[in-house]
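File shown here: entry38.pdb, holding PDB, C-alpha atoms, pLDDT in the B column.
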ATOM      1  CA  MET A   1     -30.032-120.600 -51.924  1.00 41.00           C
ATOM      2  CA  GLY A   2     -29.659-122.433 -48.623  1.00 47.00           C
ATOM      3  CA  ASP A   3     -31.981-121.885 -45.655  1.00 50.00           C
ATOM      4  CA  HIS A   4     -30.393-118.596 -44.561  1.00 55.00           C
ATOM      5  CA  GLU A   5     -28.577-117.348 -47.642  1.00 71.00           C
ATOM      6  CA  MET A   6     -29.015-113.895 -49.103  1.00 72.00           C
ATOM      7  CA  THR A   7     -28.763-112.652 -52.689  1.00 78.00           C
ATOM      8  CA  ILE A   8     -28.412-108.969 -53.575  1.00 79.00           C
ATOM      9  CA  LEU A   9     -29.299-107.792 -57.073  1.00 79.00           C
ATOM     10  CA  ARG A  10     -28.300-104.255 -58.112  1.00 82.00           C
ATOM     11  CA  GLY A  11     -29.820-102.581 -61.161  1.00 81.00           C
ATOM     12  CA  GLU A  12     -28.185 -99.865 -63.258  1.00 83.00           C
ATOM     13  CA  GLY A  13     -30.800 -97.308 -62.140  1.00 79.00           C
ATOM     14  CA  GLY A  14     -29.962 -97.757 -58.455  1.00 75.00           C
ATOM     15  CA  LEU A  15     -32.578-100.403 -57.600  1.00 74.00           C
ATOM     16  CA  VAL A  16     -31.338-102.918 -55.036  1.00 75.00           C
ATOM     17  CA  LEU A  17     -33.348-106.105 -54.471  1.00 75.00           C
ATOM     18  CA  VAL A  18     -32.380-108.356 -51.566  1.00 74.00           C
ATOM     19  CA  LEU A  19     -33.781-111.881 -51.482  1.00 72.00           C
ATOM     20  CA  ASN A  20     -33.424-113.859 -48.296  1.00 67.00           C
ATOM     21  CA  ARG A  21     -34.691-117.401 -47.957  1.00 66.00           C
ATOM     22  CA  ARG A  22     -36.482-118.232 -44.722  1.00 62.00           C
ATOM     23  CA  ALA A  23     -38.537-121.250 -43.742  1.00 59.00           C
ATOM     24  CA  ALA A  24     -42.309-120.773 -44.093  1.00 59.00           C
ATOM     25  CA  THR A  25     -44.495-120.907 -41.014  1.00 58.00           C
ATOM     26  CA  ASP A  26     -47.129-123.609 -40.585  1.00 61.00           C
ATOM     27  CA  SER A  27     -49.891-120.964 -40.643  1.00 66.00           C
ATOM     28  CA  GLY A  28     -48.723-119.552 -43.979  1.00 63.00           C
ATOM     29  CA  ALA A  29     -48.066-116.159 -42.356  1.00 68.00           C
ATOM     30  CA  PHE A  30     -44.951-114.171 -43.136  1.00 68.00           C
ATOM     31  CA  PRO A  31     -42.019-115.059 -40.845  1.00 70.00           C
ATOM     32  CA  ASP A  32     -41.252-112.456 -38.150  1.00 72.00           C
ATOM     33  CA  SER A  33     -38.133-111.426 -40.075  1.00 74.00           C
ATOM     34  CA  PHE A  34     -40.065-110.597 -43.295  1.00 77.00           C
ATOM     35  CA  HIS A  35     -39.754-106.940 -44.269  1.00 82.00           C
ATOM     36  CA  ILE A  36     -39.373-104.477 -47.117  1.00 85.00           C
ATOM     37  CA  GLY A  37     -36.239-102.348 -47.086  1.00 86.00           C
ATOM     38  CA  PHE A  38     -35.259 -99.037 -48.614  1.00 88.00           C
ATOM     39  CA  LEU A  39     -31.541 -98.258 -48.975  1.00 87.00           C
ATOM     40  CA  LEU A  40     -30.745 -94.557 -48.868  1.00 91.00           C
ATOM     41  CA  ASP A  41     -27.611 -92.765 -50.088  1.00 90.00           C
ATOM     42  CA  SER A  42     -26.244 -91.626 -46.709  1.00 94.00           C
ATOM     43  CA  ASP A  43     -26.605 -91.777 -42.935  1.00 96.00           C
ATOM     44  CA  GLN A  44     -27.860 -88.185 -43.104  1.00 96.00           C
ATOM     45  CA  ALA A  45     -30.660 -89.264 -45.466  1.00 95.00           C
ATOM     46  CA  VAL A  46     -31.698 -91.968 -42.956  1.00 96.00           C
ATOM     47  CA  HIS A  47     -31.815 -89.411 -40.131  1.00 97.00           C
ATOM     48  CA  ALA A  48     -33.803 -87.015 -42.360  1.00 96.00           C
ATOM     49  CA  ALA A  49     -36.323 -89.767 -43.219  1.00 95.00           C
ATOM     50  CA  TYR A  50     -36.674 -90.571 -39.519  1.00 95.00           C
ATOM     51  CA  ALA A  51     -37.278 -86.882 -38.716  1.00 96.00           C
ATOM     52  CA  ARG A  52     -40.071 -86.759 -41.329  1.00 93.00           C
ATOM     53  CA  LEU A  53     -41.717 -89.942 -39.980  1.00 91.00           C
ATOM     54  CA  LYS A  54     -41.290 -89.583 -36.208  1.00 90.00           C
ATOM     55  CA  ASP A  55     -44.545 -87.659 -35.730  1.00 88.00           C
ATOM     56  CA  ALA A  56     -46.577 -89.726 -38.212  1.00 85.00           C
ATOM     57  CA  PRO A  57     -49.229 -92.126 -36.873  1.00 83.00           C
ATOM     58  CA  LEU A  58     -47.090 -95.232 -37.473  1.00 81.00           C
ATOM     59  CA  GLU A  59     -46.795 -98.358 -35.382  1.00 78.00           C
ATOM     60  CA  GLN A  60     -43.530 -99.512 -33.846  1.00 88.00           C
ATOM     61  CA  LEU A  61     -41.199 -96.785 -35.119  1.00 91.00           C
ATOM     62  CA  SER A  62     -37.767 -97.677 -33.737  1.00 93.00           C
ATOM     63  CA  ALA A  63     -34.973 -95.239 -33.005  1.00 93.00           C
ATOM     64  CA  VAL A  64     -32.189 -94.809 -35.561  1.00 96.00           C
ATOM     65  CA  GLN A  65     -29.351 -97.169 -34.669  1.00 95.00           C
ATOM     66  CA  GLU A  66     -26.034 -98.497 -35.949  1.00 92.00           C
ATOM     67  CA  SER A  67     -26.297-102.230 -36.679  1.00 85.00           C
ATOM     68  CA  ARG A  68     -23.918-104.454 -38.662  1.00 84.00           C
ATOM     69  CA  GLY A  69     -22.335-101.568 -40.543  1.00 87.00           C
ATOM     70  CA  ALA A  70     -25.637 -99.857 -41.279  1.00 92.00           C
ATOM     71  CA  CYS A  71     -27.478 -96.788 -40.070  1.00 96.00           C
ATOM     72  CA  VAL A  72     -31.038 -98.146 -39.780  1.00 95.00           C
ATOM     73  CA  PHE A  73     -34.507 -97.815 -38.335  1.00 95.00           C
ATOM     74  CA  PHE A  74     -37.683 -99.896 -38.651  1.00 93.00           C
ATOM     75  CA  LEU A  75     -41.411 -99.217 -38.617  1.00 92.00           C
ATOM     76  CA  ARG A  76     -44.699-101.022 -39.231  1.00 89.00           C
ATOM     77  CA  ALA A  77     -46.548 -99.686 -42.260  1.00 83.00           C
ATOM     78  CA  PRO A  78     -50.330 -99.829 -42.582  1.00 78.00           C
ATOM     79  CA  GLY A  79     -51.268-103.472 -43.014  1.00 77.00           C
ATOM     80  CA  GLY A  80     -48.583-104.573 -40.552  1.00 81.00           C
ATOM     81  CA  ILE A  81     -45.681-104.888 -43.020  1.00 83.00           C
ATOM     82  CA  ARG A  82     -42.307-104.241 -41.374  1.00 87.00           C
ATOM     83  CA  VAL A  83     -40.224-101.634 -43.219  1.00 90.00           C
ATOM     84  CA  GLU A  84     -36.472-101.025 -42.928  1.00 92.00           C
ATOM     85  CA  ILE A  85     -34.920 -97.679 -43.845  1.00 93.00           C
ATOM     86  CA  SER A  86     -31.122 -97.864 -43.963  1.00 93.00           C
ATOM     87  CA  HIS A  87     -27.786 -96.814 -45.368  1.00 94.00           C
ATOM     88  CA  ARG A  88     -24.988 -99.364 -45.578  1.00 88.00           C
ATOM     89  CA  GLN A  89     -21.340 -98.398 -45.854  1.00 82.00           C
ATOM     90  CA  GLY A  90     -19.708 -99.674 -49.042  1.00 69.00           C
TER      91      GLY A  90
END

Rewrite the structure from the file as C-alpha cells, please.
Amino acid sequence: MGDHEMTILRGEGGLVLVLNRRAATDSGAFPDSFHIGFLLDSDQAVHAAYARLKDAPLEQLSAVQESRGACVFFLRAPGGIRVEISHRQG
C-alpha cells in the first residue's frame, strides 16, 4: 500500500476489515485519524445506535451526518480510542 491507500477485506460472515496506511508520529502515538469503525446494515440502524448512545457518558459524541456517501457518527470510547459508526451505500 502507498502512504494513503486503503484496503477493504470482506469476510463471508459479514466482517469488514479496513486497513489504511498512515505515517507514524515521532512520539509513537496513534495518528489523529486512527479509529475503529463499525459498519451497520442501514441508515436507520446508525440513527438507532446514536439514539442508544446519546445519553451515555461518552466523550466527543458527534451528531449523525452524511459524509462521502455514508451515514456516520463518531465518539471517543473509554481509553480515548475514536470509534466510527456508519452505513455506506453500496

Name the residues that the PyMOL selection byres ((chain A and resi 47-62) around 12) picks from the file above, as a ChimeraX atom specification, using the file's chain letters and numbers.
/A:38-46,63-66,71-87

What's the separation between atom CA of A:Leu19 and atom CA of A:Thr7, in Å to one decimal place?
5.2 Å

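Separating atom CA of A:Ala70 from atom CA of A:Glu5 is a distance of 18.8 Å.
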
Would you compute an axis-aligned box for stretch 70-89 of chain A, covering every atom listed for it in the file with 3 Å of margin on each side, and report centre and edge lengths in Å to one decimal as lines of an AutoDock Vina configuration file?
center_x = -36.3
center_y = -100.8
center_z = -42.1
size_x = 35.9
size_y = 14.1
size_z = 13.5

I'd like the interatomic distance between atom CA of A:Gly13 and atom CA of A:Ser67, to a tenth of an Å.
26.3 Å
